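So this block is start06.txt, compact mmCIF, C-alpha atoms:
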# COMPACT_ATOMS: atom_id res chain seq x y z
CA MET N 149 -0.84 64.82 -75.00
CA VAL N 150 1.12 61.60 -75.03
CA PHE N 151 -1.79 59.89 -76.66
CA TYR N 152 -1.23 61.80 -79.87
CA LEU N 153 2.07 60.00 -80.33
CA VAL N 154 0.10 56.82 -80.96
CA PRO N 155 -1.65 57.95 -84.16
CA VAL N 156 1.61 59.55 -85.33
CA LEU N 157 3.40 56.24 -84.89
CA GLY N 158 0.56 54.43 -86.59
CA GLY N 159 0.62 56.82 -89.52
CA VAL N 160 4.36 56.44 -89.98
CA ALA N 161 4.01 52.68 -89.76
CA VAL N 162 1.28 52.57 -92.39
CA TYR N 163 3.28 54.87 -94.65
CA LEU N 164 6.35 52.69 -94.40
CA ALA N 165 4.28 49.60 -95.01
CA MET N 166 3.02 50.98 -98.33
CA PRO N 167 4.58 49.22 -101.30
CA GLY N 168 7.28 51.30 -102.88
CA ALA N 169 7.77 53.66 -99.98
CA ARG N 170 10.98 51.93 -99.04
CA ARG N 171 12.65 48.95 -100.53
CA ASP N 172 13.25 47.09 -97.33
CA GLY N 173 10.30 48.63 -95.57
CA ARG N 174 8.93 45.43 -94.17
CA PHE N 175 10.46 45.36 -90.74
CA GLY N 176 10.23 48.99 -89.72
CA PRO N 177 6.45 49.26 -89.95
CA VAL N 178 6.01 46.16 -87.87
CA VAL N 179 8.16 47.58 -85.09
CA LEU N 180 6.54 51.00 -85.28
CA GLY N 181 3.07 49.53 -85.38
CA ALA N 182 3.86 47.32 -82.41
CA ILE N 183 5.18 50.31 -80.46
CA GLY N 184 2.09 52.27 -81.35
CA LEU N 185 -0.24 49.46 -80.38
CA GLY N 186 1.69 48.91 -77.18
CA ALA N 187 1.50 52.58 -76.25
CA MET N 188 -2.20 52.59 -76.95
CA VAL N 189 -2.71 49.56 -74.75
CA VAL N 190 -0.65 51.23 -72.00
CA ILE N 191 -2.76 54.35 -72.17
CA LEU N 192 -6.01 52.45 -72.31
CA ALA N 193 -5.00 50.17 -69.46
CA GLY N 194 -4.06 53.23 -67.42
CA ALA N 195 -7.42 54.76 -68.19
CA ILE N 196 -9.45 51.75 -67.18
CA GLY N 197 -7.04 50.60 -64.51
CA HIS N 198 -6.34 47.14 -65.81
CA SER N 199 -2.75 46.19 -65.21
CA ARG N 200 -3.73 42.61 -65.92
CA VAL N 201 -4.53 43.48 -69.54
CA LEU N 202 -1.06 44.96 -69.76
CA PHE N 203 0.51 41.80 -68.43
CA TYR N 204 -1.26 39.63 -70.97
CA VAL N 205 -0.27 41.93 -73.82
CA LEU N 206 3.36 41.95 -72.70
CA ALA N 207 3.39 38.21 -72.20
CA MET N 208 1.96 37.56 -75.65
CA LEU N 209 4.43 39.94 -77.26
CA ALA N 210 7.28 38.27 -75.37
CA VAL N 211 6.24 34.83 -76.53
CA VAL N 212 5.75 35.93 -80.14
CA THR N 213 9.11 37.66 -80.30
CA ALA N 214 10.81 34.71 -78.58
CA VAL N 215 9.38 32.41 -81.23
CA ARG N 216 10.80 34.68 -83.89
CA VAL N 217 14.19 34.70 -82.16
CA VAL N 218 14.47 30.95 -82.39
CA THR N 219 12.88 30.57 -85.82
CA HIS N 220 14.13 33.44 -87.94
CA ARG N 221 16.55 32.55 -90.67
CA LYS N 222 18.69 35.65 -90.38
CA PRO N 223 20.67 36.03 -87.15
CA VAL N 224 20.41 39.82 -87.29
CA TYR N 225 16.65 39.60 -87.16
CA SER N 226 16.88 37.08 -84.34
CA ALA N 227 18.93 39.58 -82.36
CA VAL N 228 16.49 42.40 -83.02
CA TYR N 229 13.54 40.23 -82.05
CA PHE N 230 15.41 39.37 -78.88
CA LEU N 231 15.28 43.09 -78.16
CA GLY N 232 11.50 42.71 -78.16
CA VAL N 233 11.73 39.94 -75.57
CA VAL N 234 13.93 42.11 -73.36
CA VAL N 235 11.59 45.10 -73.60
CA CYS N 236 8.57 42.95 -72.75
CA VAL N 237 10.33 41.43 -69.74
CA ALA N 238 11.30 44.93 -68.62
CA GLY N 239 7.66 45.92 -68.84
CA ILE N 240 6.69 42.95 -66.70
CA ALA N 241 9.35 44.00 -64.21
CA LEU N 242 7.71 47.41 -64.09
CA LEU N 243 4.36 45.76 -63.44
CA ALA N 244 5.96 43.84 -60.57
CA GLY N 245 7.21 47.09 -59.07
CA ALA N 246 10.85 46.40 -59.88
CA GLU N 247 11.75 49.66 -61.56
CA PHE N 248 15.48 49.35 -61.04
CA LEU N 249 15.53 45.90 -62.59
CA ALA N 250 13.53 47.15 -65.56
CA ALA N 251 16.00 49.96 -66.17
CA ALA N 252 18.95 47.61 -65.73
CA LEU N 253 17.39 45.16 -68.19
CA VAL N 254 17.01 47.79 -70.87
CA ILE N 255 20.44 49.30 -70.27
CA VAL N 256 22.45 46.10 -69.92
CA TYR N 257 20.60 43.77 -72.27
CA ALA N 258 19.35 46.12 -74.96
CA GLY N 259 22.22 48.54 -74.64
CA ALA N 260 25.28 46.38 -74.09
CA ILE N 261 24.72 42.67 -74.68
CA LEU N 262 22.65 43.06 -77.81
CA VAL N 263 25.14 45.46 -79.36
CA THR N 264 27.88 42.90 -78.75
CA TYR N 265 25.76 40.28 -80.49
CA LEU N 266 25.15 42.59 -83.43
CA PHE N 267 28.87 43.31 -83.73
CA VAL N 268 29.70 39.62 -83.84
CA ILE N 269 26.91 38.96 -86.34
CA MET N 270 28.27 41.71 -88.57
CA LEU N 271 31.80 40.36 -88.23
CA ALA N 272 30.68 36.90 -89.27
CA GLN N 273 28.21 37.95 -91.94
CA GLN N 274 28.16 36.16 -95.24
CA SER N 275 26.73 37.46 -98.46
CA ILE N 276 24.50 34.51 -99.23
CA PRO N 277 22.52 32.89 -96.44
CA PRO N 278 24.52 29.85 -95.41
CA GLU N 279 23.06 26.40 -95.40
CA TYR N 280 23.19 26.01 -91.65
CA ASP N 281 20.79 28.92 -91.21
CA LEU N 282 18.27 27.49 -93.64
CA GLN N 283 18.12 23.96 -92.31
CA ALA N 284 17.53 23.32 -88.64
CA ARG N 285 19.01 20.31 -86.91
CA GLU N 286 16.27 17.85 -85.92
CA PRO N 287 13.55 20.51 -85.58
CA ALA N 288 10.84 17.96 -84.80
CA PHE N 289 12.71 16.40 -81.90
CA ALA N 290 13.78 19.80 -80.61
CA ALA N 291 10.23 21.12 -80.64
CA LEU N 292 9.02 17.92 -79.02
CA ALA N 293 11.59 18.20 -76.24
CA GLY N 294 10.97 21.89 -75.65
CA PHE N 295 7.21 21.71 -75.60
CA VAL N 296 7.14 18.60 -73.47
CA LEU N 297 9.22 20.60 -71.01
CA ILE N 298 6.78 23.51 -71.28
CA ALA N 299 3.83 21.19 -70.71
CA ALA N 300 5.52 19.53 -67.77
CA LEU N 301 6.31 22.88 -66.18
CA ALA N 302 2.99 24.53 -66.96
CA GLY N 303 0.69 21.64 -66.14
CA PRO N 304 1.16 21.73 -62.38
CA ILE N 305 0.79 25.51 -62.51
CA VAL N 306 -2.50 25.49 -64.40
CA TYR N 307 -3.91 22.48 -62.59
CA ARG N 308 -2.55 23.31 -59.18
CA PRO N 309 -4.85 22.90 -56.17
CA PRO N 310 -6.75 26.05 -55.29
CA PRO N 311 -4.97 28.22 -52.74
CA GLU N 312 -6.04 27.84 -49.16
CA GLY N 313 -6.89 31.17 -47.68
CA ALA N 314 -4.88 34.19 -48.70
CA SER N 315 -1.63 32.57 -49.69
CA ALA N 316 -0.52 34.72 -52.59
CA ARG N 317 -1.20 38.36 -52.96
CA GLU N 318 -1.23 40.71 -55.88
CA PRO N 319 1.77 42.93 -56.37
CA ARG N 320 1.04 46.55 -55.91
CA ALA N 321 2.32 49.69 -57.49
CA GLY N 322 5.92 50.76 -57.21
CA THR N 323 6.13 52.86 -54.11
CA VAL N 324 3.81 50.70 -52.10
CA ASP N 325 5.53 47.57 -53.30
CA SER N 326 9.00 48.80 -52.52
CA GLY N 327 7.84 49.79 -49.09
CA LYS N 328 7.72 46.14 -48.16
CA ALA N 329 11.45 46.09 -47.69
CA GLY N 330 10.90 49.15 -45.59
CA GLY N 331 11.58 49.76 -41.99
CA ARG N 332 13.19 52.98 -43.11
CA SER N 333 11.47 55.87 -41.48
CA ALA N 334 11.81 59.39 -42.68
CA SER N 335 13.63 61.91 -40.62
CA GLY N 336 13.57 65.58 -41.28
CA LEU N 337 10.32 65.60 -43.17
CA PRO N 338 7.51 67.99 -42.32
CA ASN N 339 4.84 66.67 -40.04
CA GLY N 340 2.24 64.42 -41.56
CA GLN N 341 4.26 63.49 -44.61
CA THR N 342 5.41 59.94 -45.12
CA TRP N 343 8.40 59.15 -47.22
CA HIS N 344 8.41 56.11 -49.46
CA PRO N 345 11.87 54.97 -50.48
CA GLY N 346 12.00 54.22 -54.18
CA ASN N 347 12.65 50.80 -55.56
CA THR N 348 16.18 51.76 -56.56
CA LEU N 349 17.02 52.81 -53.01
CA THR N 350 15.62 49.69 -51.40
CA VAL N 351 17.25 47.35 -53.90
CA GLY N 352 20.54 49.20 -53.59
CA THR N 353 20.40 49.01 -49.82
CA GLU N 354 19.61 45.32 -50.02
CA LEU N 355 22.53 44.73 -52.37
CA MET N 356 25.02 46.62 -50.27
CA THR N 357 23.97 45.18 -46.93
CA VAL N 358 22.47 41.70 -47.24
CA HIS N 359 24.13 40.59 -50.46
CA VAL N 360 27.37 42.54 -50.22
CA VAL N 361 29.62 39.48 -50.54
CA ALA N 362 27.75 38.27 -53.61
CA PHE N 363 27.91 41.81 -54.97
CA GLU N 364 31.69 41.91 -54.67
CA THR N 365 31.92 38.43 -56.15
CA ALA N 366 29.89 39.63 -59.11
CA GLY N 367 32.37 42.46 -59.55
CA VAL N 368 35.25 39.98 -59.55
CA LEU N 369 33.34 37.86 -62.05
CA LEU N 370 32.95 40.86 -64.34
CA LEU N 371 36.68 41.51 -64.07
CA VAL N 372 37.41 37.90 -64.97
CA GLY N 373 35.06 38.27 -67.92
CA ILE N 374 36.93 41.34 -69.13
CA VAL N 375 40.28 39.57 -68.82
CA GLY N 376 38.92 36.50 -70.59
CA GLY N 377 37.40 38.55 -73.39
CA ILE N 378 40.63 40.40 -74.02
CA ALA N 379 42.69 37.21 -73.83
CA LEU N 380 40.40 35.55 -76.36
CA ALA N 381 40.26 38.53 -78.70
CA THR N 382 44.03 39.02 -78.91
CA ARG N 383 44.85 35.44 -79.82
CA ARG N 384 46.95 34.97 -82.90
CA LEU N 385 45.79 32.55 -85.52
CA GLY N 386 48.10 30.30 -87.43
CA ALA N 387 49.64 28.78 -84.36
CA PRO N 388 49.60 24.99 -84.21
CA ALA N 389 46.27 23.75 -83.04
CA ASN N 390 47.69 21.59 -80.28
CA GLY N 391 50.38 23.95 -79.08
CA SER N 392 50.14 26.92 -76.84
CA VAL N 393 48.76 29.93 -78.60
CA GLY N 394 48.29 33.56 -77.79
CA GLY N 395 49.09 34.86 -74.40
CA ALA N 396 50.16 31.54 -72.96
CA PRO N 397 53.76 31.62 -71.75
CA MET S 27 -12.10 27.62 -69.42
CA ILE S 28 -10.17 24.42 -69.17
CA ALA S 29 -11.99 21.79 -67.20
CA GLY S 30 -10.53 21.42 -63.77
CA ALA S 31 -8.06 24.22 -64.22
CA THR S 32 -7.53 26.79 -61.55
CA VAL S 33 -7.74 30.30 -62.86
CA LEU S 34 -4.40 32.03 -63.12
CA VAL S 35 -5.44 34.81 -60.83
CA THR S 36 -2.22 35.86 -59.22
CA PHE S 37 0.69 37.67 -60.75
CA GLN S 38 3.05 35.04 -59.38
CA TRP S 39 1.60 32.15 -61.35
CA GLN S 40 1.21 34.21 -64.48
CA CYS S 41 4.91 35.02 -64.26
CA VAL S 42 5.89 31.42 -63.58
CA LEU S 43 3.89 30.27 -66.58
CA LEU S 44 5.45 32.87 -68.86
CA GLY S 45 8.89 31.97 -67.55
CA ALA S 46 8.30 28.32 -68.32
CA VAL S 47 7.19 29.12 -71.86
CA LEU S 48 10.19 31.35 -72.51
CA PHE S 49 12.55 28.75 -71.09
CA GLY S 50 11.07 26.03 -73.29
CA LEU S 51 11.27 28.19 -76.40
CA GLY S 52 14.90 28.95 -75.67
CA LEU S 53 15.55 25.24 -75.26
CA VAL S 54 13.97 24.53 -78.64
CA GLY S 55 16.19 27.15 -80.25
CA PHE S 56 19.32 25.90 -78.55
CA VAL S 57 18.74 22.34 -79.66
CA ALA S 58 17.43 22.97 -83.16
CA ARG S 59 19.48 25.85 -84.48
CA ARG S 60 22.91 25.26 -85.97
CA ASN S 61 24.19 28.82 -86.00
CA LEU S 62 26.41 29.37 -82.96
CA ILE S 63 25.22 32.95 -82.48
CA VAL S 64 21.55 31.98 -82.60
CA MET S 65 22.25 29.17 -80.15
CA PHE S 66 23.70 31.76 -77.79
CA LEU S 67 20.69 34.02 -78.31
CA SER S 68 18.47 31.08 -77.38
CA THR S 69 20.29 30.72 -74.08
CA GLU S 70 19.60 34.39 -73.49
CA VAL S 71 15.90 33.73 -74.07
CA MET S 72 16.12 30.99 -71.45
CA LEU S 73 17.73 33.47 -69.06
CA GLN S 74 14.85 35.85 -69.68
CA GLY S 75 12.48 33.09 -68.63
CA VAL S 76 14.46 32.67 -65.43
CA LEU S 77 14.26 36.42 -64.82
CA VAL S 78 10.48 36.42 -65.21
CA ASN S 79 10.30 33.50 -62.81
CA LEU S 80 12.34 35.37 -60.21
CA LEU S 81 10.13 38.43 -60.62
CA GLY S 82 7.02 36.36 -60.06
CA PHE S 83 8.28 34.82 -56.85
CA ASN S 84 9.65 38.16 -55.70
CA ALA S 85 6.10 39.48 -55.76
CA VAL S 86 5.02 36.90 -53.17
CA TYR S 87 7.65 37.06 -50.48
CA PRO S 88 8.20 40.15 -48.39
CA THR S 89 11.88 40.38 -49.24
CA LEU S 90 13.80 41.70 -52.20
CA ASN S 91 15.78 38.52 -52.75
CA GLY S 92 14.16 37.90 -56.12
CA GLN S 93 15.09 41.26 -57.55
CA SER S 94 18.60 41.06 -56.15
CA PHE S 95 19.12 37.61 -57.63
CA ALA S 96 17.76 38.83 -60.95
CA LEU S 97 20.46 41.49 -60.97
CA PHE S 98 23.09 38.82 -60.43
CA VAL S 99 21.58 36.84 -63.31
CA LEU S 100 22.05 39.99 -65.38
CA VAL S 101 25.74 40.09 -64.43
CA ILE S 102 26.15 36.43 -65.38
CA ALA S 103 24.46 37.09 -68.72
CA ALA S 104 26.79 39.98 -69.47
CA VAL S 105 29.93 37.99 -68.65
CA GLU S 106 28.65 35.00 -70.58
CA ALA S 107 27.97 37.14 -73.63
CA ALA S 108 31.42 38.72 -73.51
CA VAL S 109 33.37 35.49 -73.14
CA GLY S 110 31.09 33.38 -75.33
CA LEU S 111 31.04 35.81 -78.20
CA GLY S 112 34.81 36.14 -77.98
CA MET S 113 35.03 32.38 -78.33
CA ILE S 114 32.62 32.43 -81.26
CA VAL S 115 34.73 35.04 -83.06
CA LEU S 116 37.77 32.87 -82.47
CA LEU S 117 36.01 29.78 -83.80
CA PHE S 118 34.79 31.71 -86.82
CA ARG S 119 38.28 32.91 -87.64
CA ARG S 120 39.54 29.33 -87.52
CA ARG S 121 36.93 27.60 -89.65
CA ALA S 122 35.19 30.52 -91.42
CA THR S 123 31.80 29.10 -90.51
CA LEU S 124 29.34 29.50 -87.67
CA ASP S 125 27.98 26.01 -88.11
CA SER S 126 28.11 24.13 -84.86
CA GLU S 127 28.45 20.90 -86.86
CA ALA S 128 31.91 22.04 -87.86
CA TRP S 129 33.05 21.41 -84.30
CA LYS S 130 31.46 18.02 -84.00
CA GLN S 131 34.77 16.40 -83.15
CA MET S 132 34.70 18.16 -79.78
CA SER S 133 31.81 15.93 -78.72
CA GLY S 134 34.24 13.06 -78.68
Just dump the structure as structure tokens.
Amino acid sequence: MVFYLVPVLGGVAVYLAMPGARRDGRFGPVVLGAIGLGAMVVILAGAIGHSRVLFYVLAMLAVVTAVRVVTHRKPVYSAVYFLGVVVCVAGIALLAGAEFLAAALVIVYAGAILVTYLFVIMLAQQSIPPEYDLQAREPAFAALAGFVLIAALAGPIVYRPPPEGASAREPRAGTVDSGKAGGRSASGLPNGQTWHPGNTLTVGTELMTVHVVAFETAGVLLLVGIVGGIALATRRLGAPANGSVGGAP
Amino acid sequence: MIAGATVLVTFQWQCVLLGAVLFGLGLVGFVARRNLIVMFLSTEVMLQGVLVNLLGFNAVYPTLNGQSFALFVLVIAAVEAAVGLGMIVLLFRRRATLDSEAWKQMSG
């Protein structure tokens, strides 16, 4: 049943991509087509049981969208492509059995942080594309530095010595994977049934027991962020640049 | 197959490789772009690389430290976006440009 959404998405994408269907119909079909292709790959990978195929697809999509984030001339498009990176990373989190992290990624990044970015981009939008968006600053040296870093980080990974014995193991599906934090036995279940705590429960328990101090510190940090954001946003302009401005006493 | 290369069989090393690539791409964007907002977005791409890295190592060890730390990275990213974008709005209201070159004098 879900599979039929894929051809529907593909049809809509092809329609939107037709010349004259929409004036700015260049971006929508790409997104729709990508979603359709992604859904098809998910279904196919589920059918043939290849989660590795899924990882490669997600990784390639993440890299492609990340390249577009850093190369696109319009900041709005950069932000929307960043959404693609976040969704791909959330998919990889799902593959790793980290369902709670995947949900938190989509909610916090795609839902909150990206909207803040879009608001700021809209606030600072200019009618003609400004010069600083059209001309990068030392693109050759930047690419050199970045890709030398990539090579330096990836080289030892690709050319690492072969593992001795069973050092690393494959991650398994969600319930099995989350059971590794386990030690939590079910009480009150009928005989013969085992109870697997979900990933959300195990991560939440971990946060509130092992990392409770860091958890509270993160809460304080969020509070400081709120205070800082409000203090920055309510500053008055026109004050002398060297004097005390805004909320300073 | 690359000569002498070990096959990337495990999820951990796949994740580490992807994290490295994302981090490097974010670095390129941060250095090369002049728009303050895009520079900030590039740092977010770097943070995504870090998240993928944490996920990969979380799959190896029998604890949930990787996932927990990834959640804290998420908190840091949210706070950074709030404060940083507030600063960017302030800078834009002062100079009416998002060009990072406009604030060159801050580099001393």
Output as a short mmCIF file (atom, residue, chain, number, x, y, z; two decimals) with C-alpha atoms, in the frame of the given file the set of chain N residues within 7 Å of chain S, with distances taken over only C-alpha atoms.
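Generated output (iface.cif):
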data_model
loop_
_atom_site.label_atom_id
_atom_site.label_comp_id
_atom_site.auth_asym_id
_atom_site.auth_seq_id
_atom_site.Cartn_x
_atom_site.Cartn_y
_atom_site.Cartn_z
CA ALA N 207 3.39 38.21 -72.20
CA VAL N 211 6.24 34.83 -76.53
CA ALA N 214 10.81 34.71 -78.58
CA VAL N 215 9.38 32.41 -81.23
CA VAL N 218 14.47 30.95 -82.39
CA PRO N 223 20.67 36.03 -87.15
CA VAL N 237 10.33 41.43 -69.74
CA ALA N 241 9.35 44.00 -64.21
CA ALA N 244 5.96 43.84 -60.57
CA LEU N 249 15.53 45.90 -62.59
CA ILE N 261 24.72 42.67 -74.68
CA VAL N 268 29.70 39.62 -83.84
CA TYR N 280 23.19 26.01 -91.65
CA ASP N 281 20.79 28.92 -91.21
CA ALA N 284 17.53 23.32 -88.64
CA ARG N 285 19.01 20.31 -86.91
CA GLU N 286 16.27 17.85 -85.92
CA PRO N 287 13.55 20.51 -85.58
CA ALA N 290 13.78 19.80 -80.61
CA ALA N 291 10.23 21.12 -80.64
CA GLY N 294 10.97 21.89 -75.65
CA PHE N 295 7.21 21.71 -75.60
CA LEU N 297 9.22 20.60 -71.01
CA ILE N 298 6.78 23.51 -71.28
CA LEU N 301 6.31 22.88 -66.18
CA ALA N 302 2.99 24.53 -66.96
CA ILE N 305 0.79 25.51 -62.51
CA VAL N 306 -2.50 25.49 -64.40
CA TYR N 307 -3.91 22.48 -62.59
CA ARG N 308 -2.55 23.31 -59.18
CA PRO N 310 -6.75 26.05 -55.29
CA ALA N 316 -0.52 34.72 -52.59
CA ARG N 317 -1.20 38.36 -52.96
CA GLU N 318 -1.23 40.71 -55.88
CA PRO N 319 1.77 42.93 -56.37
CA LYS N 328 7.72 46.14 -48.16
CA ALA N 329 11.45 46.09 -47.69
CA VAL N 351 17.25 47.35 -53.90
CA LEU N 355 22.53 44.73 -52.37
CA ALA N 366 29.89 39.63 -59.11
CA LEU N 370 32.95 40.86 -64.34
CA GLY N 373 35.06 38.27 -67.92
CA GLY N 376 38.92 36.50 -70.59
CA GLY N 377 37.40 38.55 -73.39
CA LEU N 380 40.40 35.55 -76.36
CA ALA N 381 40.26 38.53 -78.70
#
Leu231 in chain N surroundings by all atoms listed in the file, 9 Å radius, close-in-sequence under 5 positions cut, as a VMD selection string:
chain N and resid 213 226 236 254 257 to 258 262
Distance criterion (only C-alpha atoms): nearest to Leu117 in chain S out of N:Phe289, N:Leu369, N:Ala246, N:Arg383
N:Arg383
Measure the distance from CA of Val372 in chain N to CA of Val217 in chain N in Å and round it to one decimal.
29.1 Å
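Going from CA of Tyr229 in chain N over to CA of Arg216 in chain N, you cover 6.5 Å.
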Completion step: range 51-68 of chain S with N, CA and C atoms as a PDB file, in the coordinates of the input:
ATOM      1  N   LEU S  51      10.969  27.691 -75.059  1.00  0.00           N
ATOM      2  CA  LEU S  51      11.270  28.190 -76.400  1.00  0.00           C
ATOM      3  C   LEU S  51      12.775  28.329 -76.596  1.00  0.00           C
ATOM      4  N   GLY S  52      13.449  28.834 -75.574  1.00  0.00           N
ATOM      5  CA  GLY S  52      14.900  28.950 -75.670  1.00  0.00           C
ATOM      6  C   GLY S  52      15.558  27.585 -75.826  1.00  0.00           C
ATOM      7  N   LEU S  53      15.001  26.601 -75.142  1.00  0.00           N
ATOM      8  CA  LEU S  53      15.550  25.240 -75.260  1.00  0.00           C
ATOM      9  C   LEU S  53      15.387  24.719 -76.683  1.00  0.00           C
ATOM     10  N   VAL S  54      14.197  24.957 -77.260  1.00  0.00           N
ATOM     11  CA  VAL S  54      13.970  24.530 -78.640  1.00  0.00           C
ATOM     12  C   VAL S  54      15.015  25.158 -79.565  1.00  0.00           C
ATOM     13  N   GLY S  55      15.216  26.473 -79.400  1.00  0.00           N
ATOM     14  CA  GLY S  55      16.190  27.150 -80.250  1.00  0.00           C
ATOM     15  C   GLY S  55      17.593  26.624 -80.059  1.00  0.00           C
ATOM     16  N   PHE S  56      17.950  26.364 -78.812  1.00  0.00           N
ATOM     17  CA  PHE S  56      19.320  25.900 -78.550  1.00  0.00           C
ATOM     18  C   PHE S  56      19.554  24.531 -79.164  1.00  0.00           C
ATOM     19  N   VAL S  57      18.554  23.687 -79.136  1.00  0.00           N
ATOM     20  CA  VAL S  57      18.740  22.340 -79.660  1.00  0.00           C
ATOM     21  C   VAL S  57      18.657  22.336 -81.190  1.00  0.00           C
ATOM     22  N   ALA S  58      17.721  23.115 -81.733  1.00  0.00           N
ATOM     23  CA  ALA S  58      17.430  22.970 -83.160  1.00  0.00           C
ATOM     24  C   ALA S  58      18.333  23.811 -84.044  1.00  0.00           C
ATOM     25  N   ARG S  59      18.739  24.970 -83.587  1.00  0.00           N
ATOM     26  CA  ARG S  59      19.480  25.850 -84.480  1.00  0.00           C
ATOM     27  C   ARG S  59      20.924  25.390 -84.596  1.00  0.00           C
ATOM     28  N   ARG S  60      21.532  25.672 -85.744  1.00  0.00           N
ATOM     29  CA  ARG S  60      22.910  25.260 -85.970  1.00  0.00           C
ATOM     30  C   ARG S  60      23.869  26.428 -85.957  1.00  0.00           C
ATOM     31  N   ASN S  61      23.330  27.641 -86.055  1.00  0.00           N
ATOM     32  CA  ASN S  61      24.190  28.820 -86.000  1.00  0.00           C
ATOM     33  C   ASN S  61      24.608  29.080 -84.557  1.00  0.00           C
ATOM     34  N   LEU S  62      25.924  29.219 -84.340  1.00  0.00           N
ATOM     35  CA  LEU S  62      26.410  29.370 -82.960  1.00  0.00           C
ATOM     36  C   LEU S  62      25.845  30.617 -82.306  1.00  0.00           C
ATOM     37  N   ILE S  63      25.715  31.703 -83.071  1.00  0.00           N
ATOM     38  CA  ILE S  63      25.220  32.950 -82.480  1.00  0.00           C
ATOM     39  C   ILE S  63      23.762  32.793 -82.079  1.00  0.00           C
ATOM     40  N   VAL S  64      22.963  32.151 -82.931  1.00  0.00           N
ATOM     41  CA  VAL S  64      21.550  31.980 -82.600  1.00  0.00           C
ATOM     42  C   VAL S  64      21.398  31.030 -81.415  1.00  0.00           C
ATOM     43  N   MET S  65      22.290  30.041 -81.325  1.00  0.00           N
ATOM     44  CA  MET S  65      22.250  29.170 -80.150  1.00  0.00           C
ATOM     45  C   MET S  65      22.498  29.980 -78.883  1.00  0.00           C
ATOM     46  N   PHE S  66      23.439  30.917 -78.956  1.00  0.00           N
ATOM     47  CA  PHE S  66      23.700  31.760 -77.790  1.00  0.00           C
ATOM     48  C   PHE S  66      22.506  32.657 -77.481  1.00  0.00           C
ATOM     49  N   LEU S  67      21.881  33.191 -78.530  1.00  0.00           N
ATOM     50  CA  LEU S  67      20.690  34.020 -78.310  1.00  0.00           C
ATOM     51  C   LEU S  67      19.589  33.205 -77.643  1.00  0.00           C
ATOM     52  N   SER S  68      19.487  31.926 -78.001  1.00  0.00           N
ATOM     53  CA  SER S  68      18.470  31.080 -77.380  1.00  0.00           C
ATOM     54  C   SER S  68      18.731  30.911 -75.884  1.00  0.00           C
TER      55      SER S  68
END
